[in-house]
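K.L.:
Sharing input.csv below, CSV, N, CA and C atoms:
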```csv
chain,number,residue,atom,x,y,z
A,1,MET,N,0.3,-68.3,6.9
A,1,MET,CA,0.5,-67.7,8.2
A,1,MET,C,-0.2,-66.4,8.2
A,2,LYS,N,-1.0,-66.2,9.2
A,2,LYS,CA,-1.7,-64.9,9.3
A,2,LYS,C,-0.9,-63.9,10.0
A,3,ARG,N,-1.1,-62.7,9.5
A,3,ARG,CA,-0.5,-61.5,10.2
A,3,ARG,C,-1.4,-61.1,11.4
A,4,LYS,N,-0.7,-60.7,12.4
A,4,LYS,CA,-1.5,-60.1,13.5
A,4,LYS,C,-1.9,-58.7,13.2
A,5,ARG,N,-3.1,-58.4,13.4
A,5,ARG,CA,-3.6,-57.0,13.2
A,5,ARG,C,-3.5,-56.3,14.5
A,6,SER,N,-2.9,-55.2,14.5
A,6,SER,CA,-2.7,-54.5,15.7
A,6,SER,C,-3.9,-53.5,15.9
A,7,ASN,N,-4.5,-53.5,17.0
A,7,ASN,CA,-5.6,-52.5,17.2
A,7,ASN,C,-5.0,-51.1,17.6
A,8,GLU,N,-3.8,-51.1,17.8
A,8,GLU,CA,-3.2,-49.8,18.2
A,8,GLU,C,-3.1,-48.9,17.0
A,9,ALA,N,-3.7,-47.7,17.1
A,9,ALA,CA,-3.6,-46.7,16.0
A,9,ALA,C,-2.2,-46.1,16.1
A,10,CYS,N,-1.8,-45.6,14.9
A,10,CYS,CA,-0.5,-44.9,14.9
A,10,CYS,C,-0.6,-43.7,15.7
A,11,ASP,N,0.1,-43.7,16.8
A,11,ASP,CA,0.1,-42.5,17.7
A,11,ASP,C,1.2,-41.5,17.2
A,12,ILE,N,0.8,-40.6,16.4
A,12,ILE,CA,1.7,-39.6,15.9
A,12,ILE,C,1.3,-38.3,16.6
A,13,ASP,N,2.3,-37.7,17.1
A,13,ASP,CA,2.0,-36.4,17.8
A,13,ASP,C,1.9,-35.3,16.7
A,14,MET,N,0.8,-34.7,16.5
A,14,MET,CA,0.5,-33.7,15.5
A,14,MET,C,0.9,-32.3,15.9
A,15,THR,N,1.2,-32.1,17.1
A,15,THR,CA,1.5,-30.8,17.6
A,15,THR,C,2.7,-30.1,16.8
A,16,PRO,N,3.8,-30.7,16.6
A,16,PRO,CA,4.8,-30.0,15.8
A,16,PRO,C,4.4,-29.6,14.4
A,17,MET,N,3.6,-30.5,13.8
A,17,MET,CA,3.2,-30.2,12.4
A,17,MET,C,2.2,-29.0,12.4
A,18,ILE,N,1.3,-28.9,13.4
A,18,ILE,CA,0.4,-27.8,13.5
A,18,ILE,C,1.2,-26.5,13.8
A,19,ASP,N,2.2,-26.6,14.6
A,19,ASP,CA,3.0,-25.4,14.9
A,19,ASP,C,3.7,-24.9,13.6
A,20,VAL,N,4.2,-25.8,12.8
A,20,VAL,CA,4.9,-25.4,11.6
A,20,VAL,C,3.9,-24.8,10.6
A,21,VAL,N,2.7,-25.3,10.5
A,21,VAL,CA,1.7,-24.8,9.7
A,21,VAL,C,1.3,-23.4,10.1
A,22,PHE,N,1.1,-23.1,11.4
A,22,PHE,CA,0.8,-21.8,11.9
A,22,PHE,C,1.9,-20.8,11.6
A,23,GLN,N,3.2,-21.3,11.8
A,23,GLN,CA,4.3,-20.4,11.5
A,23,GLN,C,4.4,-20.0,10.1
A,24,MET,N,4.1,-21.0,9.2
A,24,MET,CA,4.0,-20.7,7.7
A,24,MET,C,2.9,-19.7,7.4
A,25,ILE,N,1.8,-19.8,8.0
A,25,ILE,CA,0.7,-18.9,7.8
A,25,ILE,C,1.1,-17.5,8.3
A,26,ILE,N,1.7,-17.4,9.4
A,26,ILE,CA,2.1,-16.1,9.9
A,26,ILE,C,3.2,-15.5,9.0
A,27,PHE,N,4.1,-16.3,8.5
A,27,PHE,CA,5.2,-15.8,7.6
A,27,PHE,C,4.5,-15.2,6.4
A,28,PHE,N,3.6,-15.9,5.7
A,28,PHE,CA,3.0,-15.5,4.5
A,28,PHE,C,2.1,-14.2,4.7
A,29,ILE,N,1.5,-14.1,5.8
A,29,ILE,CA,0.7,-12.9,6.1
A,29,ILE,C,1.6,-11.7,6.3
A,30,VAL,N,2.7,-11.9,7.0
A,30,VAL,CA,3.6,-10.8,7.3
A,30,VAL,C,4.4,-10.3,6.0
A,31,THR,N,4.7,-11.3,5.1
A,31,THR,CA,5.4,-10.9,3.9
A,31,THR,C,4.6,-10.6,2.7
A,32,MET,N,3.3,-10.5,2.9
A,32,MET,CA,2.4,-10.2,1.7
A,32,MET,C,2.8,-8.8,1.1
A,33,LYS,N,2.5,-8.7,-0.1
A,33,LYS,CA,2.8,-7.4,-0.8
A,33,LYS,C,1.9,-6.3,-0.2
A,34,MET,N,2.4,-5.1,0.0
A,34,MET,CA,1.6,-4.1,0.6
A,34,MET,C,0.8,-3.3,-0.5
A,35,ASP,N,0.9,-3.7,-1.8
A,35,ASP,CA,0.2,-3.1,-2.9
A,35,ASP,C,-1.3,-3.2,-2.8
A,36,GLU,N,-1.7,-4.2,-2.0
A,36,GLU,CA,-3.1,-4.4,-1.9
A,36,GLU,C,-3.8,-3.4,-1.0
A,37,ASN,N,-3.0,-2.6,-0.3
A,37,ASN,CA,-3.5,-1.6,0.6
A,37,ASN,C,-3.9,-0.3,-0.1
A,38,ILE,N,-4.6,-0.4,-1.2
A,38,ILE,CA,-5.1,0.8,-1.8
A,38,ILE,C,-6.6,0.9,-1.6
A,39,ASN,N,-7.0,2.2,-1.6
A,39,ASN,CA,-8.4,2.4,-1.3
A,39,ASN,C,-9.3,2.1,-2.6
A,40,GLU,N,-10.1,1.1,-2.4
A,40,GLU,CA,-11.0,0.7,-3.6
A,40,GLU,C,-12.0,1.7,-4.0
A,41,ASP,N,-12.4,2.6,-3.0
A,41,ASP,CA,-13.4,3.6,-3.3
A,41,ASP,C,-13.0,4.7,-4.2
A,42,ILE,N,-11.7,4.9,-4.4
A,42,ILE,CA,-11.2,6.0,-5.3
A,42,ILE,C,-11.3,5.6,-6.7
A,43,GLU,N,-12.0,6.5,-7.5
A,43,GLU,CA,-12.2,6.3,-8.9
A,43,GLU,C,-11.2,7.3,-9.6
A,44,LEU,N,-10.3,6.7,-10.3
A,44,LEU,CA,-9.3,7.5,-11.0
A,44,LEU,C,-9.8,8.1,-12.3
A,45,GLU,N,-9.2,9.2,-12.7
A,45,GLU,CA,-9.6,9.9,-13.9
A,45,GLU,C,-9.0,9.2,-15.1
A,46,ASP,N,-9.6,9.3,-16.3
A,46,ASP,CA,-9.0,8.7,-17.5
A,46,ASP,C,-7.9,9.6,-18.0
A,47,ALA,N,-6.9,8.9,-18.5
A,47,ALA,CA,-5.7,9.7,-19.1
A,47,ALA,C,-5.1,8.8,-20.2
A,48,ARG,N,-5.8,8.8,-21.3
A,48,ARG,CA,-5.4,7.9,-22.4
A,48,ARG,C,-4.1,8.3,-23.1
A,49,GLN,N,-3.8,9.6,-23.1
A,49,GLN,CA,-2.6,10.1,-23.8
A,49,GLN,C,-1.4,10.1,-22.9
A,50,SER,N,-1.5,9.8,-21.6
A,50,SER,CA,-0.4,9.9,-20.7
A,50,SER,C,0.5,8.7,-20.8
A,51,PRO,N,1.7,8.9,-20.4
A,51,PRO,CA,2.6,7.7,-20.3
A,51,PRO,C,2.3,6.8,-19.2
A,52,VAL,N,2.6,5.5,-19.3
A,52,VAL,CA,2.3,4.5,-18.4
A,52,VAL,C,3.3,4.5,-17.3
A,53,TYR,N,2.9,4.6,-16.0
A,53,TYR,CA,3.8,4.6,-14.9
A,53,TYR,C,4.3,3.1,-14.7
A,54,LYS,N,5.6,3.0,-14.6
A,54,LYS,CA,6.2,1.7,-14.4
A,54,LYS,C,6.5,1.3,-13.0
A,55,GLY,N,6.4,2.2,-12.1
A,55,GLY,CA,6.7,1.9,-10.7
A,55,GLY,C,8.1,1.5,-10.4
A,56,GLU,N,9.1,2.1,-11.2
A,56,GLU,CA,10.5,1.7,-11.1
A,56,GLU,C,11.2,2.1,-9.8
A,57,ASP,N,10.8,3.3,-9.3
A,57,ASP,CA,11.4,3.8,-8.1
A,57,ASP,C,10.7,3.3,-6.8
A,58,LYS,N,11.3,2.4,-6.1
A,58,LYS,CA,10.7,1.8,-4.9
A,58,LYS,C,10.6,2.8,-3.7
A,59,ARG,N,11.2,3.9,-3.8
A,59,ARG,CA,11.1,4.9,-2.7
A,59,ARG,C,9.8,5.7,-2.8
A,60,THR,N,9.0,5.5,-3.9
A,60,THR,CA,7.8,6.3,-4.1
A,60,THR,C,6.8,6.1,-3.0
A,61,ILE,N,6.2,7.2,-2.5
A,61,ILE,CA,5.1,7.1,-1.5
A,61,ILE,C,3.8,7.4,-2.2
A,62,VAL,N,2.8,6.6,-2.1
A,62,VAL,CA,1.5,6.8,-2.7
A,62,VAL,C,0.6,7.4,-1.7
A,63,ILE,N,0.2,8.7,-1.9
A,63,ILE,CA,-0.7,9.4,-1.0
A,63,ILE,C,-2.1,9.4,-1.7
A,64,GLU,N,-3.1,8.9,-1.0
A,64,GLU,CA,-4.4,8.9,-1.6
A,64,GLU,C,-5.3,10.0,-1.0
A,65,VAL,N,-6.1,10.6,-1.9
A,65,VAL,CA,-7.0,11.6,-1.5
A,65,VAL,C,-8.4,11.2,-2.0
A,66,ASP,N,-9.3,10.9,-1.1
A,66,ASP,CA,-10.6,10.4,-1.5
A,66,ASP,C,-11.5,11.6,-1.8
A,67,ARG,N,-12.8,11.4,-2.2
A,67,ARG,CA,-13.7,12.4,-2.7
A,67,ARG,C,-14.1,13.4,-1.6
A,68,ARG,N,-13.9,13.0,-0.3
A,68,ARG,CA,-14.2,13.8,0.8
A,68,ARG,C,-13.0,14.7,1.2
A,69,GLY,N,-11.9,14.4,0.6
A,69,GLY,CA,-10.7,15.2,0.9
A,69,GLY,C,-9.8,14.5,2.0
A,70,TRP,N,-10.1,13.3,2.4
A,70,TRP,CA,-9.4,12.6,3.4
A,70,TRP,C,-8.1,12.1,2.8
A,71,LEU,N,-7.0,12.3,3.5
A,71,LEU,CA,-5.7,11.8,3.1
A,71,LEU,C,-5.4,10.5,3.7
A,72,SER,N,-4.7,9.6,3.0
A,72,SER,CA,-4.3,8.4,3.5
A,72,SER,C,-3.0,7.8,2.8
A,73,ILE,N,-2.3,7.0,3.5
A,73,ILE,CA,-1.2,6.2,3.0
A,73,ILE,C,-1.5,4.8,3.4
A,74,ASN,N,-1.5,3.8,2.5
A,74,ASN,CA,-1.8,2.4,2.7
A,74,ASN,C,-3.1,2.2,3.5
A,75,ASN,N,-4.1,3.0,3.2
A,75,ASN,CA,-5.4,3.0,3.8
A,75,ASN,C,-5.4,3.4,5.3
A,76,TYR,N,-4.3,4.1,5.7
A,76,TYR,CA,-4.2,4.7,7.0
A,76,TYR,C,-4.5,6.1,6.9
A,77,GLN,N,-5.6,6.6,7.5
A,77,GLN,CA,-6.0,8.0,7.4
A,77,GLN,C,-5.1,8.9,8.2
A,78,LEU,N,-4.8,10.0,7.5
A,78,LEU,CA,-3.8,11.0,8.1
A,78,LEU,C,-4.4,12.4,8.2
A,79,THR,N,-3.9,13.1,9.1
A,79,THR,CA,-4.2,14.6,9.1
A,79,THR,C,-3.1,15.2,8.3
A,80,GLU,N,-3.3,16.5,7.9
A,80,GLU,CA,-2.3,17.2,7.2
A,80,GLU,C,-1.0,17.3,8.0
A,81,ALA,N,-1.1,17.6,9.3
A,81,ALA,CA,0.1,17.7,10.1
A,81,ALA,C,0.9,16.3,10.2
A,82,LYS,N,0.1,15.2,10.3
A,82,LYS,CA,0.7,13.9,10.4
A,82,LYS,C,1.4,13.6,9.0
A,83,LEU,N,0.7,13.9,7.9
A,83,LEU,CA,1.3,13.6,6.6
A,83,LEU,C,2.6,14.5,6.4
A,84,LYS,N,2.6,15.7,6.8
A,84,LYS,CA,3.8,16.6,6.7
A,84,LYS,C,4.9,16.0,7.6
A,85,GLY,N,4.6,15.5,8.7
A,85,GLY,CA,5.6,14.9,9.6
A,85,GLY,C,6.2,13.7,9.0
A,86,ILE,N,5.4,12.9,8.4
A,86,ILE,CA,5.9,11.6,7.7
A,86,ILE,C,6.8,12.0,6.6
A,87,ILE,N,6.4,12.9,5.7
A,87,ILE,CA,7.2,13.3,4.6
A,87,ILE,C,8.5,14.0,5.0
A,88,ARG,N,8.4,14.9,6.0
A,88,ARG,CA,9.6,15.6,6.5
A,88,ARG,C,10.6,14.6,7.1
A,89,SER,N,10.2,13.7,7.9
A,89,SER,CA,11.1,12.8,8.5
A,89,SER,C,11.8,11.9,7.5
A,90,ARG,N,11.0,11.5,6.5
A,90,ARG,CA,11.6,10.6,5.4
A,90,ARG,C,12.5,11.4,4.6
A,91,TYR,N,12.2,12.7,4.3
A,91,TYR,CA,13.1,13.6,3.5
A,91,TYR,C,14.4,13.8,4.3
A,92,GLN,N,14.3,14.0,5.6
A,92,GLN,CA,15.5,14.3,6.4
A,92,GLN,C,16.4,13.0,6.4
A,93,LYS,N,15.8,11.9,6.4
A,93,LYS,CA,16.5,10.6,6.4
A,93,LYS,C,17.1,10.2,5.1
A,94,PHE,N,16.4,10.3,4.0
A,94,PHE,CA,16.8,9.8,2.7
A,94,PHE,C,17.0,10.9,1.6
A,95,GLY,N,16.6,12.1,1.9
A,95,GLY,CA,16.7,13.1,0.8
A,95,GLY,C,15.5,13.0,0.0
A,96,THR,N,15.6,13.6,-1.3
A,96,THR,CA,14.4,13.6,-2.1
A,96,THR,C,13.9,12.3,-2.6
A,97,PHE,N,12.6,12.1,-2.8
A,97,PHE,CA,12.0,10.9,-3.3
A,97,PHE,C,10.7,11.3,-4.0
A,98,PRO,N,10.2,10.4,-4.9
A,98,PRO,CA,9.0,10.7,-5.6
A,98,PRO,C,7.7,10.5,-4.8
A,99,ILE,N,6.7,11.3,-5.1
A,99,ILE,CA,5.4,11.1,-4.5
A,99,ILE,C,4.4,10.8,-5.6
A,100,MET,N,3.5,9.9,-5.4
A,100,MET,CA,2.4,9.6,-6.3
A,100,MET,C,1.1,10.0,-5.6
A,101,ILE,N,0.4,10.9,-6.2
A,101,ILE,CA,-0.9,11.3,-5.6
A,101,ILE,C,-2.0,10.5,-6.4
A,102,ARG,N,-2.7,9.8,-5.6
A,102,ARG,CA,-3.8,9.0,-6.2
A,102,ARG,C,-5.1,9.6,-5.7
A,103,ALA,N,-5.7,10.5,-6.5
A,103,ALA,CA,-6.9,11.2,-6.1
A,103,ALA,C,-8.1,10.7,-6.8
A,104,ASP,N,-9.2,10.7,-6.1
A,104,ASP,CA,-10.5,10.4,-6.8
A,104,ASP,C,-10.8,11.5,-7.8
A,105,LYS,N,-11.5,11.1,-8.9
A,105,LYS,CA,-11.8,12.1,-9.9
A,105,LYS,C,-12.8,13.1,-9.4
A,106,ARG,N,-13.5,12.8,-8.3
A,106,ARG,CA,-14.5,13.8,-7.8
A,106,ARG,C,-13.9,14.6,-6.7
A,107,THR,N,-12.6,14.5,-6.4
A,107,THR,CA,-12.0,15.3,-5.3
A,107,THR,C,-11.9,16.7,-5.8
A,108,LYS,N,-12.1,17.6,-4.9
A,108,LYS,CA,-11.9,19.0,-5.2
A,108,LYS,C,-10.4,19.3,-5.3
A,109,HIS,N,-10.1,20.2,-6.2
A,109,HIS,CA,-8.7,20.6,-6.4
A,109,HIS,C,-8.0,21.1,-5.2
A,110,LYS,N,-8.7,21.8,-4.3
A,110,LYS,CA,-8.1,22.4,-3.1
A,110,LYS,C,-7.5,21.2,-2.2
A,111,ASP,N,-8.2,20.1,-2.2
A,111,ASP,CA,-7.7,19.0,-1.4
A,111,ASP,C,-6.4,18.3,-2.0
A,112,VAL,N,-6.4,18.3,-3.3
A,112,VAL,CA,-5.1,17.8,-3.9
A,112,VAL,C,-4.0,18.8,-3.7
A,113,ARG,N,-4.4,20.0,-3.8
A,113,ARG,CA,-3.4,21.1,-3.7
A,113,ARG,C,-2.7,21.1,-2.3
A,114,LYS,N,-3.5,20.7,-1.3
A,114,LYS,CA,-3.0,20.6,0.1
A,114,LYS,C,-1.8,19.7,0.1
A,115,VAL,N,-1.9,18.5,-0.5
A,115,VAL,CA,-0.8,17.5,-0.6
A,115,VAL,C,0.3,18.1,-1.3
A,116,MET,N,0.1,18.8,-2.5
A,116,MET,CA,1.1,19.4,-3.2
A,116,MET,C,1.9,20.4,-2.4
A,117,ASP,N,1.1,21.3,-1.7
A,117,ASP,CA,1.8,22.3,-0.9
A,117,ASP,C,2.6,21.7,0.3
A,118,ILE,N,2.1,20.6,0.9
A,118,ILE,CA,2.9,20.0,1.9
A,118,ILE,C,4.2,19.5,1.3
A,119,CYS,N,4.2,18.8,0.1
A,119,CYS,CA,5.4,18.3,-0.5
A,119,CYS,C,6.4,19.4,-0.8
A,120,THR,N,5.9,20.6,-1.3
A,120,THR,CA,6.8,21.7,-1.7
A,120,THR,C,7.3,22.3,-0.4
A,121,ASP,N,6.6,22.4,0.6
A,121,ASP,CA,7.1,23.0,1.9
A,121,ASP,C,8.3,22.1,2.4
A,122,VAL,N,8.2,20.8,2.2
A,122,VAL,CA,9.2,20.0,2.7
A,122,VAL,C,10.4,20.0,1.8
A,123,GLY,N,10.2,20.2,0.5
A,123,GLY,CA,11.3,20.2,-0.5
A,123,GLY,C,11.2,19.1,-1.5
A,124,ILE,N,10.1,18.4,-1.6
A,124,ILE,CA,9.8,17.4,-2.6
A,124,ILE,C,9.3,18.0,-3.8
A,125,TRP,N,9.9,17.7,-5.0
A,125,TRP,CA,9.5,18.3,-6.2
A,125,TRP,C,9.0,17.2,-7.2
A,126,ARG,N,9.3,16.0,-7.0
A,126,ARG,CA,8.9,14.9,-7.9
A,126,ARG,C,7.5,14.4,-7.5
A,127,ILE,N,6.5,15.0,-8.1
A,127,ILE,CA,5.1,14.6,-7.8
A,127,ILE,C,4.4,14.1,-9.1
A,128,ASP,N,3.9,12.9,-9.0
A,128,ASP,CA,3.1,12.3,-10.1
A,128,ASP,C,1.7,12.1,-9.7
A,129,PHE,N,0.8,12.0,-10.7
A,129,PHE,CA,-0.6,11.8,-10.4
A,129,PHE,C,-1.1,10.5,-11.1
A,130,ALA,N,-1.8,9.6,-10.3
A,130,ALA,CA,-2.3,8.4,-10.9
A,130,ALA,C,-3.6,8.6,-11.7
A,131,ALA,N,-3.7,7.9,-12.8
A,131,ALA,CA,-4.9,7.9,-13.6
A,131,ALA,C,-5.0,6.6,-14.3
A,132,ILE,N,-6.1,6.4,-15.0
A,132,ILE,CA,-6.4,5.1,-15.7
A,132,ILE,C,-6.0,5.3,-17.1
A,133,LYS,N,-5.2,4.4,-17.7
A,133,LYS,CA,-4.8,4.4,-19.1
A,133,LYS,C,-6.0,4.0,-20.0
A,134,GLU,N,-6.6,2.9,-19.6
A,134,GLU,CA,-7.8,2.4,-20.4
A,134,GLU,C,-8.9,2.2,-19.4
A,135,PRO,N,-10.1,2.7,-19.8
A,135,PRO,CA,-11.3,2.5,-18.9
A,135,PRO,C,-11.7,1.0,-18.8
A,136,LYS,N,-12.3,0.6,-17.7
A,136,LYS,CA,-12.7,-0.8,-17.5
A,136,LYS,C,-13.8,-1.1,-18.4
```
Step by step, read the file and then write its structure as structure tokens.

P.N.:
Amino acid sequence: MKRKRSNEACDIDMTPMIDVVFQMIIFFIVTMKMDENINEDIELEDARQSPVYKGEDKRTIVIEVDRRGWLSINNYQLTEAKLKGIIRSRYQKFGTFPIMIRADKRTKHKDVRKVMDICTDVGIWRIDFAAIKEPK
């Protein structure tokens, strides 16, 4: 006995599956780690004798200073006034917290000092500096 072959293709509505896939893509993009938002152009200084930073305090703000003296947080360029406003509002909300300054090794000291002065004006005293433990 022969089976009848149906010429009808399986009519499956793909719309719900496509919607789920797009929702998953959006979810993963939104929940990505923000650590990838560092400025790749910044070359850090070598510091072989320094202790290794473990990143234990999640309240730490990383402020980047590139070789031109431009300030940024998460690759978002800031003016000195804007940076001071961000630090001040966070200080008023949470109290003291650590700051990590990630400065290019070609940055002038006066540009790094601007960040340090802003932190001291607000009342932040825990300031660390990023450097490379072992050269590439």

K.L.:
Can you measure atom C of A:Thr60 to atom C of A:Ile99 for me? One decimal in Å is fine.

P.N.:
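Value for the atom C of A:Thr60-atom C of A:Ile99 distance: 5.9 Å.
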
K.L.:
Neighbours of A:Asp66 within 7 Å (all atoms listed in the file; same-chain residues fewer than 4 positions away dropped), as a count of residues only?

P.N.:
11

K.L.:
Point out the residue among A:Lys105, A:Val115, A:Ile86, A:Pro98 with the least atom-to-atom distance to A:Leu44, counting only N, CA and C atoms.

P.N.:
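Smallest separation from A:Leu44 among the options: A:Lys105.
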
K.L.:
Would you mind listing what lies within 5 Å of A:Asp128 as a PyMOL selection string, with all atoms listed in the file counted and same-chain residues fewer than 2 positions away left out?

P.N.:
chain A and resi 99-101+126+130

K.L.:
Could you check the closest approach to A:Gln92 for each of A:Gly123, A:Phe129, A:Phe22, A:Arg59 and tell me which residue wins, using only C-alpha atoms?

P.N.:
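That would be A:Gly123, the residue with the smallest distance to A:Gln92.
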
K.L.:
Rounded to one decimal in Å, what is the spacing between atom N of A:Gly69 and atom N of A:His109?

P.N.:
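Computing it gives 9.1 Å between the two atoms.
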
K.L.:
What does the distance between atom CA of A:Phe97 and atom CA of A:Leu83 come to in Å, to one decimal place?

P.N.:
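Taking atom CA of A:Phe97 as the start and atom CA of A:Leu83 as the end point, the length is 14.8 Å.
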
K.L.:
From the list A:Ile118, A:Ile26, A:Ile63, A:Ile12, which residue is nearest A:Asn75 when using only C-alpha atoms?

P.N.:
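Among A:Ile118, A:Ile26, A:Ile63, A:Ile12, it is A:Ile63 that comes nearest to A:Asn75.
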
K.L.:
Near A:Val122, counting all atoms listed in the file, which residues have an atom at most 8 Å away, once you skip same-chain residues fewer than 2 positions from it, shown as JSON, numbers by chain?

P.N.:
{"A": [84, 87, 88, 91, 116, 117, 118, 119, 120, 124, 125]}

K.L.:
Step one, run DSSP on the backbone; step two, keep only residues of stretch 49-116 of chain A assigned to strand (DSSP E or B); then write them as a list of chain:residue names.

P.N.:
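Here is the list: A:Ile61, A:Val62, A:Ile63, A:Glu64, A:Val65, A:Leu71, A:Ser72, A:Ile73, A:Tyr76, A:Gln77, A:Leu78, A:Ile99, A:Met100, A:Ile101, A:Arg102, A:Ala103.
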